[in-house]
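Have a look at entry01.cif; it's mmCIF, C-alpha atoms and all ligand atoms:
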data_run
loop_
_atom_site.label_atom_id
_atom_site.label_comp_id
_atom_site.auth_asym_id
_atom_site.auth_seq_id
_atom_site.Cartn_x
_atom_site.Cartn_y
_atom_site.Cartn_z
CA MET A 113 -5.89 10.26 -37.79
CA ALA A 114 -6.26 13.56 -39.68
CA LYS A 115 -3.40 16.08 -39.43
CA SER A 116 -4.19 19.45 -37.83
CA GLN A 117 -2.93 22.74 -39.17
CA THR A 118 -3.61 26.44 -38.62
CA LEU A 119 -4.43 28.63 -41.61
CA HIS A 120 -3.29 32.25 -41.60
CA ILE A 121 -5.84 34.14 -43.60
CA ASP A 122 -4.75 37.76 -42.91
CA ILE A 123 -3.40 37.99 -46.45
CA LEU A 124 -6.91 37.41 -47.81
CA GLU A 125 -8.05 40.85 -46.58
CA ALA A 126 -5.69 42.37 -49.16
CA LEU A 127 -7.02 40.03 -51.85
CA LEU A 128 -10.55 41.13 -51.00
CA ALA A 129 -9.52 44.79 -51.11
CA GLY A 130 -7.92 44.15 -54.52
CA HIS A 131 -11.37 43.18 -55.88
CA GLN A 132 -13.22 45.92 -54.01
CA GLN A 133 -15.51 46.92 -56.87
CA ALA A 134 -16.79 43.38 -57.44
CA PHE A 135 -17.30 42.72 -53.72
CA ASP A 136 -19.11 46.05 -53.27
CA ALA A 137 -21.40 45.13 -56.16
CA LEU A 138 -22.03 41.69 -54.65
CA ALA A 139 -22.80 43.24 -51.23
CA GLU A 140 -25.24 45.66 -52.85
CA LEU A 141 -27.03 42.95 -54.84
CA LEU A 142 -27.26 40.76 -51.73
CA ALA A 143 -28.70 43.60 -49.61
CA GLU A 144 -31.20 44.52 -52.32
CA GLU A 145 -32.39 40.93 -52.91
CA ASN A 146 -32.52 40.23 -49.18
CA LYS A 147 -35.20 42.93 -48.77
CA HIS A 148 -37.77 40.63 -50.37
CA THR A 149 -36.09 37.19 -50.46
CA ASN A 150 -34.69 35.52 -47.38
CA LEU A 151 -31.09 34.85 -48.46
CA THR A 152 -29.10 35.61 -45.31
CA ARG A 153 -29.59 36.67 -41.70
CA ILE A 154 -26.32 38.62 -41.85
CA THR A 155 -27.11 42.15 -43.02
CA ASP A 156 -24.51 44.44 -41.39
CA PRO A 157 -22.08 45.32 -44.25
CA GLN A 158 -18.95 44.71 -42.16
CA GLN A 159 -20.30 41.32 -41.03
CA VAL A 160 -21.21 40.40 -44.61
CA ARG A 161 -17.61 41.18 -45.55
CA ILE A 162 -16.19 39.03 -42.74
CA ARG A 163 -18.67 36.17 -42.38
CA HIS A 164 -19.58 35.69 -46.02
CA PHE A 165 -16.75 37.09 -48.16
CA LEU A 166 -13.65 36.51 -46.02
CA ASP A 167 -14.94 33.20 -44.66
CA SER A 168 -15.57 31.95 -48.21
CA LEU A 169 -11.99 32.85 -49.16
CA ALA A 170 -10.54 31.03 -46.12
CA VAL A 171 -10.28 27.85 -48.20
CA LEU A 172 -8.12 29.58 -50.80
CA PRO A 173 -4.66 28.69 -49.37
CA ILE A 174 -5.62 25.00 -49.60
CA LEU A 175 -7.12 25.31 -53.10
CA ASP A 176 -4.16 27.37 -54.36
CA ALA A 177 -1.79 24.63 -53.21
CA MET A 178 -3.92 21.98 -54.98
CA ALA A 179 -4.14 24.04 -58.17
CA ALA A 180 -0.44 24.91 -58.34
CA GLY A 181 1.06 23.95 -61.70
CA ARG A 182 -2.29 22.84 -63.16
CA GLU A 183 -3.63 24.27 -66.38
CA ARG A 184 -7.22 23.61 -65.38
CA PHE A 185 -8.76 23.51 -61.92
CA SER A 186 -12.41 22.82 -61.20
CA VAL A 187 -14.46 23.39 -58.08
CA VAL A 188 -18.01 22.38 -57.19
CA ASP A 189 -19.92 24.15 -54.42
CA VAL A 190 -22.53 21.85 -52.88
CA GLY A 191 -25.57 23.59 -51.33
CA SER A 192 -24.28 27.04 -52.22
CA GLY A 193 -27.32 29.02 -50.99
CA ALA A 194 -26.84 32.66 -51.98
CA GLY A 195 -23.48 31.73 -53.53
CA PHE A 196 -21.08 31.07 -50.67
CA PRO A 197 -18.30 30.17 -51.02
CA SER A 198 -18.52 30.00 -54.85
CA LEU A 199 -19.22 33.67 -55.69
CA PRO A 200 -16.25 35.16 -53.76
CA LEU A 201 -13.96 32.42 -55.08
CA ALA A 202 -15.08 32.95 -58.69
CA ILE A 203 -14.36 36.68 -58.28
CA VAL A 204 -10.77 36.17 -57.11
CA ARG A 205 -9.87 33.11 -59.24
CA PRO A 206 -11.34 33.83 -62.70
CA GLY A 207 -9.14 31.17 -64.30
CA TRP A 208 -10.77 28.27 -62.46
CA GLN A 209 -14.02 26.51 -63.42
CA PHE A 210 -16.86 26.64 -60.90
CA VAL A 211 -20.13 24.75 -60.68
CA SER A 212 -22.52 25.80 -57.95
CA ILE A 213 -25.32 23.38 -56.99
CA GLU A 214 -28.32 24.67 -55.08
CA ALA A 215 -31.72 23.08 -54.46
CA THR A 216 -33.75 26.28 -53.92
CA GLY A 217 -34.83 28.14 -57.05
CA LYS A 218 -34.82 31.71 -55.69
CA LYS A 219 -31.22 31.28 -54.47
CA VAL A 220 -30.19 29.87 -57.85
CA HIS A 221 -31.83 32.84 -59.56
CA PHE A 222 -29.90 35.24 -57.31
CA GLN A 223 -26.57 33.58 -58.08
CA GLN A 224 -27.29 33.63 -61.81
CA LYS A 225 -28.14 37.33 -61.60
CA VAL A 226 -24.88 38.09 -59.76
CA ALA A 227 -22.83 35.98 -62.18
CA ALA A 228 -24.33 37.85 -65.15
CA GLN A 229 -23.90 41.31 -63.61
CA LEU A 230 -20.32 40.71 -62.45
CA GLY A 231 -19.35 38.90 -65.65
CA LEU A 232 -18.39 35.68 -63.85
CA LYS A 233 -18.18 33.58 -67.02
CA THR A 234 -16.51 30.57 -65.39
CA LEU A 235 -19.35 30.01 -62.92
CA THR A 236 -22.24 27.68 -63.81
CA VAL A 237 -25.15 27.67 -61.39
CA LEU A 238 -27.23 24.48 -61.35
CA HIS A 239 -30.71 24.21 -59.87
CA GLY A 240 -30.82 20.72 -58.41
CA ARG A 241 -29.80 18.36 -55.67
CA ALA A 242 -26.18 17.32 -55.31
CA GLU A 243 -27.11 13.63 -54.89
CA ASP A 244 -28.79 13.73 -58.33
CA VAL A 245 -26.10 15.79 -60.06
CA ALA A 246 -23.46 13.35 -58.75
CA HIS A 247 -24.99 10.62 -60.96
CA GLU A 248 -24.89 12.70 -64.16
CA PRO A 249 -22.00 11.43 -66.32
CA HIS A 250 -20.98 15.02 -67.17
CA TYR A 251 -20.35 15.79 -63.49
CA ARG A 252 -19.57 12.43 -61.91
CA GLN A 253 -16.05 12.34 -60.44
CA GLN A 254 -15.10 15.37 -62.56
CA PHE A 255 -14.05 17.98 -59.98
CA ASP A 256 -10.70 18.67 -58.37
CA ALA A 257 -12.43 20.00 -55.27
CA ALA A 258 -15.89 19.93 -53.72
CA LEU A 259 -16.73 22.60 -51.14
CA ALA A 260 -19.66 22.81 -48.77
CA ARG A 261 -20.44 25.42 -46.13
CA ALA A 262 -23.25 25.02 -43.59
CA VAL A 263 -25.09 22.33 -45.55
CA ALA A 264 -25.30 19.09 -43.55
CA ASP A 265 -23.64 16.76 -41.10
CA LEU A 266 -20.26 15.51 -42.39
CA ARG A 267 -21.48 11.95 -43.00
CA VAL A 268 -24.38 13.17 -45.16
CA LEU A 269 -22.16 15.74 -46.83
CA ALA A 270 -19.59 13.10 -47.73
CA GLU A 271 -22.20 11.01 -49.50
CA ILE A 272 -23.75 13.86 -51.50
CA SER A 273 -20.33 15.32 -52.43
CA LEU A 274 -17.69 12.61 -52.88
CA GLY A 275 -19.27 11.20 -56.06
CA LEU A 276 -18.51 14.56 -57.69
CA VAL A 277 -14.78 14.51 -56.86
CA LYS A 278 -12.03 12.95 -59.02
CA VAL A 279 -9.69 10.42 -57.51
CA GLY A 280 -6.74 12.55 -56.35
CA GLY A 281 -9.04 15.50 -55.58
CA ALA A 282 -10.54 16.52 -52.25
CA MET A 283 -13.69 17.59 -50.51
CA LEU A 284 -13.46 20.50 -48.05
CA ALA A 285 -16.22 21.07 -45.51
CA PHE A 286 -16.53 24.37 -43.63
CA LYS A 287 -17.30 23.52 -40.01
CA GLY A 288 -17.34 25.03 -36.54
CA PRO A 289 -14.85 24.27 -33.76
CA ASP A 290 -16.80 21.28 -32.38
CA SER A 291 -16.51 18.96 -35.34
CA ASP A 292 -14.41 16.15 -33.79
CA LEU A 293 -17.38 13.90 -33.04
CA GLU A 294 -18.83 14.53 -36.49
CA CYS A 295 -15.51 13.49 -38.04
CA THR A 296 -15.25 10.31 -36.00
CA ALA A 297 -18.87 9.39 -36.76
CA ALA A 298 -18.31 9.91 -40.50
CA GLU A 299 -15.02 8.05 -40.89
CA LYS A 300 -16.39 4.62 -41.89
CA SER A 301 -18.87 6.12 -44.36
CA ILE A 302 -16.13 8.24 -45.92
CA ALA A 303 -14.02 5.11 -46.49
CA THR A 304 -16.97 3.32 -48.16
CA LEU A 305 -17.38 6.32 -50.49
CA GLY A 306 -13.71 6.31 -51.57
CA GLY A 307 -12.43 9.03 -49.24
CA LYS A 308 -10.04 9.48 -46.35
CA LEU A 309 -10.08 12.19 -43.69
CA SER A 310 -6.71 13.80 -44.21
CA HIS A 311 -6.49 17.25 -42.56
CA THR A 312 -8.33 19.65 -40.33
CA TYR A 313 -7.40 23.30 -40.75
CA SER A 314 -8.30 25.91 -38.10
CA TYR A 315 -8.66 29.61 -38.75
CA THR A 316 -10.15 32.67 -37.11
CA LEU A 317 -12.07 35.59 -38.56
CA PRO A 318 -11.51 39.21 -37.43
CA GLY A 319 -13.60 40.04 -34.35
CA VAL A 320 -15.00 36.50 -34.02
CA THR A 321 -13.98 34.58 -30.89
CA ASP A 322 -14.68 31.04 -32.07
CA ALA A 323 -12.23 29.33 -34.38
CA PHE A 324 -13.55 27.82 -37.60
CA ARG A 325 -12.47 24.62 -39.29
CA LEU A 326 -12.05 23.21 -42.73
CA ILE A 327 -12.21 19.44 -42.87
CA GLU A 328 -10.33 17.92 -45.80
CA ILE A 329 -11.33 14.53 -47.18
CA ARG A 330 -9.04 13.19 -49.89
CA LYS A 331 -10.55 11.08 -52.65
CA ILE A 332 -8.38 7.97 -52.77
CA SER A 333 -10.53 5.55 -54.80
CA PRO A 334 -13.62 5.76 -57.04
CA THR A 335 -17.00 6.14 -55.34
CA PRO A 336 -19.01 2.92 -55.94
CA ASP A 337 -21.76 3.46 -58.55
CA GLU A 338 -24.62 3.02 -56.08
CA TYR A 339 -23.64 6.21 -54.16
CA PRO A 340 -25.01 8.71 -53.47
CA ARG A 341 -28.34 7.09 -52.58
CA SER A 342 -31.63 9.01 -52.30
CA TYR A 343 -31.56 11.76 -49.66
CA SER A 344 -34.05 9.94 -47.42
CA LEU A 345 -31.86 6.82 -47.43
CA ILE A 346 -28.71 8.88 -46.86
CA THR A 347 -30.17 10.52 -43.78
CA ARG A 348 -31.70 7.26 -42.50
CA LYS A 349 -28.57 5.10 -42.45
CA PRO A 350 -24.85 5.23 -43.25
CA PRO A 351 -23.66 3.65 -46.53
CA HIS A 352 -21.63 0.93 -44.84
CA GLU A 353 -24.62 -0.54 -42.94
N1 LIG B 401 -23.40 27.36 -48.47
C1 LIG B 401 -24.25 28.52 -48.26
C2 LIG B 401 -23.67 29.42 -47.20
O1 LIG B 401 -22.76 28.99 -46.49
O2 LIG B 401 -24.15 30.57 -47.05
C3 LIG B 401 -25.68 28.11 -47.94
C4 LIG B 401 -25.91 27.49 -46.61
S1 LIG B 401 -27.62 27.08 -46.35
C5 LIG B 401 -27.67 26.90 -44.62
C6 LIG B 401 -27.70 25.41 -46.96
C7 LIG B 401 -28.13 25.37 -48.41
O3 LIG B 401 -27.89 24.05 -48.91
C8 LIG B 401 -29.59 25.65 -48.62
O4 LIG B 401 -29.71 26.73 -49.52
C9 LIG B 401 -30.17 24.36 -49.20
O5 LIG B 401 -31.16 24.59 -50.17
C10 LIG B 401 -28.94 23.72 -49.81
N2 LIG B 401 -28.96 22.25 -49.86
C11 LIG B 401 -29.15 21.39 -48.82
N3 LIG B 401 -29.04 20.11 -49.24
C12 LIG B 401 -28.80 20.16 -50.58
C13 LIG B 401 -28.60 19.17 -51.58
N4 LIG B 401 -28.65 17.88 -51.26
N5 LIG B 401 -28.36 19.57 -52.84
C14 LIG B 401 -28.33 20.89 -53.16
N6 LIG B 401 -28.51 21.88 -52.25
C15 LIG B 401 -28.74 21.51 -50.98
#

Take the structure in the file and write it out as structure tokens.
Ligand code: SAM
Amino acid sequence: MAKSQTLHIDILEALLAGHQQAFDALAELLAEENKHTNLTRITDPQQVRIRHFLDSLAVLPILDAMAAGRERFSVVDVGSGAGFPSLPLAIVRPGWQFVSIEATGKKVHFQQKVAAQLGLKTLTVLHGRAEDVAHEPHYRQQFDAALARAVADLRVLAEISLGLVKVGGAMLAFKGPDSDLECTAAEKSIATLGGKLSHTYSYTLPGVTDAFRLIEIRKISPTPDEYPRSYSLITRKPPHE
């Protein structure tokens, strides 16, 4: 049974304000690109700040605790879209290493443009599918943390992400309030892939009624070489069947 905790993210507003120039530049680039490329449905500047920037940073208290005392800390963002959560995190934690994996070329191009313009030298943006990247020796089981926001059902997400995480690291999935069934349905698959559901963290965003959740899966043993499978197999049946 995963432990439940509440995250207090009020402090992150100040962190965001402390990097105002970079976040303003990111908001501007996003608004400009979104005029001709469909990157996000959220266009109101205040909502972009809350639902993209602040929400991306919500995972920071957990990552900061994991990174404490480490010289090097690496994060992979699976299915990063227009760069969330990786871009906001790379802005506020320039000492960490980030790899962002995204399957759609125009979104990759946008992230690369932002990274170049904001001088985010520790962010590498890869055009590809996480289930392929997870088999590349350079990336396999190399990351302290894998993050994924709004990408797939937890069972599918676990298979495309856990092969990227080191033993001792964790995967953190951004989810809505109704994720209990998803967690239960994914538990066996997670165990097959070398993980264990360890925590669920709840948090709220300013002006948003629903609570959000971060689901933490700890990597407790190596992912067997055959995983992840092809995406069609992953979606068709769980790994333990
Ligand atoms: N994480 C971003 C966010 O929260 O704004 C993007 C969310 S968007 C709904 C999901 C993204 O995941 C899409 O851009 C899609 O191309 C990407 N994606 C889905 N499956 C993927 C996979 N297996 N490997 C890489 N990218 C994937």

Neighbours of ligand LIG 401 (chain B) within 7 Å, counting all atoms listed in the file, as a list of chain:residue names?
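With all atoms listed in the file and a cut-off of 7 Å, ligand LIG 401 (chain B) is contacted by A:His164, A:Val190, A:Gly191, A:Ser192, A:Gly193, A:Ala194, A:Gly195, A:Phe196, A:Pro197, A:Ile213, A:Glu214, A:Ala215, A:Thr216, A:Lys219, A:Gly240, A:Arg241, A:Ala242, A:Glu243, A:Ala260, A:Arg261, A:Ala262, A:Val263, A:Ala264, A:Ile272, A:Tyr343.
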
Let me know the centre plus edge lengths, in Å and rounded to one decimal, of a box with edges along x, y and z that contains all listed atoms of range 287-300 of chain A and is padded by 4 Å on every side, as JSON.
{"center_x": -16.6, "center_y": 14.8, "center_z": -37.1, "size_x": 12.5, "size_y": 28.4, "size_z": 17.5}

Considering all atoms listed in the file, can you say which of A:Asp265, A:Asp189, A:Glu145, A:Glu353 comes closest to Leu238 in chain A?
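So, comparing all the options, the nearest one is A:Asp189.
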
Residue with smallest distance to Thr316 in chain A - pool A:Asp292, A:Glu271, A:Asp337, A:Asp167, counting all atoms listed in the file
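Closest to Thr316 in chain A of all the choices is A:Asp167.
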
If you count only C-alpha atoms, which residues fall within 12 Å of Ile123 in chain A, apart from same-chain ones fewer than 3 positions away, as a list of chain:residue names?
A:Leu119, A:His120, A:Ala126, A:Leu127, A:Leu128, A:Ala129, A:Gly130, A:Leu166, A:Leu169, A:Ala170, A:Leu172, A:Pro173, A:Leu317

Restricting the calculation to all atoms listed in the file, which member of A:Met178, A:Phe222, A:Val187, A:Leu309 is positioned closest to Gly280 in chain A?
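For Gly280 in chain A, the nearest of the given residues is A:Met178.
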
Near range 202-205 of chain A, counting only C-alpha atoms, which residues have an atom at most 8 Å away, once you skip same-chain residues fewer than 6 positions from it, shown as a list in words?
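The residues that qualify are Leu127, Leu128, His131, Ala134, Leu232, Thr234 and Leu235 of chain A.
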
In Å, how far is it from CA of Ala270 in chain A to CA of Pro318 in chain A?
29.2 Å

Give as a PyMOL selection string the set of residues within 12 Å of the point (-29.5, 8.8, -60.9), where distances use the file's coordinates and all atoms listed in the file.
chain A and resi 241-249+251-252+275+337-343

Rounded to one decimal, what separation in Å do you get between CA of His239 in chain A and CA of Val188 in chain A?
13.1 Å

Using only C-alpha atoms, find the one residue out of A:Phe255, A:Phe210, A:Phe165, A:Phe185 that sits nearest to Lys331 in chain A.
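For Lys331 in chain A, the nearest of the given residues is A:Phe255.
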
Ile302 in chain A: which residues within 10 Å, counting all atoms listed in the file, same-chain residues fewer than 5 positions away excluded, as a list in words?
Leu266, Arg267, Val268, Leu269, Ala270, Glu271, Leu274, Cys295, Ala297, Gly307, Lys308, Leu309, Ile329, Arg330, Lys331, Thr335, Pro350, Pro351 and His352 of chain A

Pick from A:Ala257, A:Ala137, A:Lys300, A:Ile346 nearest to Lys225 in chain A, counting only C-alpha atoms:
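The closest residue to Lys225 in chain A is A:Ala137.
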
Just to confirm, what's the straight-line distance from CA of Pro289 in chain A to CA of Gln117 in chain A in Å (one decimal)?
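Between CA of Pro289 in chain A and CA of Gln117 in chain A the gap is 13.2 Å.
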
Residues near Lys287 in chain A, cut-off 7 Å, all atoms listed in the file, skip fewer than 5 positions along chain, as a VMD selection string
chain A and resid 324 to 326

Can you spit out range 237-260 of chain A with N, CA, C and O atoms, as an mmCIF file, in the first residue's frame, from the structure just given?
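Contents of the output file selection-v2.cif:
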data_model
loop_
_atom_site.group_PDB
_atom_site.id
_atom_site.type_symbol
_atom_site.label_atom_id
_atom_site.label_comp_id
_atom_site.auth_asym_id
_atom_site.auth_seq_id
_atom_site.Cartn_x
_atom_site.Cartn_y
_atom_site.Cartn_z
ATOM 1 N N VAL A 237 17.239 17.530 -25.665
ATOM 2 C CA VAL A 237 15.896 17.180 -26.141
ATOM 3 C C VAL A 237 16.034 16.111 -27.225
ATOM 4 O O VAL A 237 16.694 16.331 -28.241
ATOM 5 N N LEU A 238 15.429 14.955 -26.987
ATOM 6 C CA LEU A 238 15.520 13.843 -27.941
ATOM 7 C C LEU A 238 14.215 13.672 -28.694
ATOM 8 O O LEU A 238 13.143 13.648 -28.086
ATOM 9 N N HIS A 239 14.323 13.525 -30.017
ATOM 10 C CA HIS A 239 13.151 13.225 -30.832
ATOM 11 C C HIS A 239 13.062 11.704 -30.939
ATOM 12 O O HIS A 239 13.885 11.075 -31.617
ATOM 13 N N GLY A 240 12.098 11.115 -30.252
ATOM 14 C CA GLY A 240 11.987 9.656 -30.316
ATOM 15 C C GLY A 240 10.912 9.156 -29.377
ATOM 16 O O GLY A 240 10.190 9.943 -28.753
ATOM 17 N N ARG A 241 10.821 7.844 -29.301
ATOM 18 C CA ARG A 241 9.825 7.228 -28.432
ATOM 19 C C ARG A 241 10.540 6.653 -27.217
ATOM 20 O O ARG A 241 11.590 6.005 -27.340
ATOM 21 N N ALA A 242 9.934 6.866 -26.059
ATOM 22 C CA ALA A 242 10.573 6.455 -24.805
ATOM 23 C C ALA A 242 10.884 4.957 -24.794
ATOM 24 O O ALA A 242 11.934 4.541 -24.297
ATOM 25 N N GLU A 243 9.983 4.148 -25.392
ATOM 26 C CA GLU A 243 10.192 2.691 -25.358
ATOM 27 C C GLU A 243 11.386 2.281 -26.216
ATOM 28 O O GLU A 243 11.944 1.198 -26.005
ATOM 29 N N ASP A 244 11.788 3.127 -27.172
ATOM 30 C CA ASP A 244 13.007 2.850 -27.946
ATOM 31 C C ASP A 244 14.231 3.375 -27.193
ATOM 32 O O ASP A 244 15.245 2.681 -27.076
ATOM 33 N N VAL A 245 14.129 4.599 -26.701
ATOM 34 C CA VAL A 245 15.259 5.209 -25.985
ATOM 35 C C VAL A 245 15.651 4.345 -24.777
ATOM 36 O O VAL A 245 16.836 4.206 -24.457
ATOM 37 N N ALA A 246 14.657 3.720 -24.147
ATOM 38 C CA ALA A 246 14.921 2.905 -22.942
ATOM 39 C C ALA A 246 15.777 1.671 -23.241
ATOM 40 O O ALA A 246 16.289 1.038 -22.317
ATOM 41 N N HIS A 247 15.942 1.321 -24.534
ATOM 42 C CA HIS A 247 16.818 0.190 -24.878
ATOM 43 C C HIS A 247 18.216 0.647 -25.310
ATOM 44 O O HIS A 247 19.078 -0.183 -25.569
ATOM 45 N N GLU A 248 18.422 1.960 -25.412
ATOM 46 C CA GLU A 248 19.755 2.452 -25.807
ATOM 47 C C GLU A 248 20.680 2.379 -24.598
ATOM 48 O O GLU A 248 20.347 2.941 -23.541
ATOM 49 N N PRO A 249 21.830 1.716 -24.728
ATOM 50 C CA PRO A 249 22.722 1.535 -23.580
ATOM 51 C C PRO A 249 23.069 2.846 -22.865
ATOM 52 O O PRO A 249 23.184 2.876 -21.647
ATOM 53 N N HIS A 250 23.189 3.932 -23.635
ATOM 54 C CA HIS A 250 23.549 5.228 -23.058
ATOM 55 C C HIS A 250 22.483 5.751 -22.087
ATOM 56 O O HIS A 250 22.765 6.551 -21.203
ATOM 57 N N TYR A 251 21.246 5.327 -22.275
ATOM 58 C CA TYR A 251 20.144 5.842 -21.457
ATOM 59 C C TYR A 251 19.515 4.793 -20.542
ATOM 60 O O TYR A 251 18.813 5.131 -19.606
ATOM 61 N N ARG A 252 19.798 3.512 -20.829
ATOM 62 C CA ARG A 252 19.103 2.467 -20.065
ATOM 63 C C ARG A 252 19.500 2.476 -18.588
ATOM 64 O O ARG A 252 20.672 2.418 -18.247
ATOM 65 N N GLN A 253 18.523 2.595 -17.736
ATOM 66 C CA GLN A 253 18.684 2.568 -16.269
ATOM 67 C C GLN A 253 19.762 3.561 -15.807
ATOM 68 O O GLN A 253 20.565 3.260 -14.949
ATOM 69 N N GLN A 254 19.736 4.758 -16.418
ATOM 70 C CA GLN A 254 20.755 5.779 -16.141
ATOM 71 C C GLN A 254 20.232 6.954 -15.318
ATOM 72 O O GLN A 254 21.006 7.762 -14.842
ATOM 73 N N PHE A 255 18.923 7.081 -15.157
ATOM 74 C CA PHE A 255 18.381 8.310 -14.558
ATOM 75 C C PHE A 255 17.968 8.115 -13.101
ATOM 76 O O PHE A 255 17.469 7.062 -12.715
ATOM 77 N N ASP A 256 18.186 9.200 -12.327
ATOM 78 C CA ASP A 256 17.725 9.166 -10.931
ATOM 79 C C ASP A 256 16.208 9.260 -10.868
ATOM 80 O O ASP A 256 15.591 8.675 -9.994
ATOM 81 N N ALA A 257 15.627 10.019 -11.800
ATOM 82 C CA ALA A 257 14.169 10.178 -11.785
ATOM 83 C C ALA A 257 13.616 10.252 -13.197
ATOM 84 O O ALA A 257 14.228 10.864 -14.077
ATOM 85 N N ALA A 258 12.473 9.615 -13.400
ATOM 86 C CA ALA A 258 11.725 9.758 -14.657
ATOM 87 C C ALA A 258 10.418 10.451 -14.325
ATOM 88 O O ALA A 258 9.739 10.078 -13.351
ATOM 89 N N LEU A 259 10.059 11.460 -15.097
ATOM 90 C CA LEU A 259 8.822 12.204 -14.877
ATOM 91 C C LEU A 259 7.930 12.053 -16.098
ATOM 92 O O LEU A 259 8.426 11.938 -17.224
ATOM 93 N N ALA A 260 6.627 12.067 -15.883
ATOM 94 C CA ALA A 260 5.713 12.050 -17.023
ATOM 95 C C ALA A 260 4.424 12.746 -16.622
ATOM 96 O O ALA A 260 3.838 12.429 -15.579
#
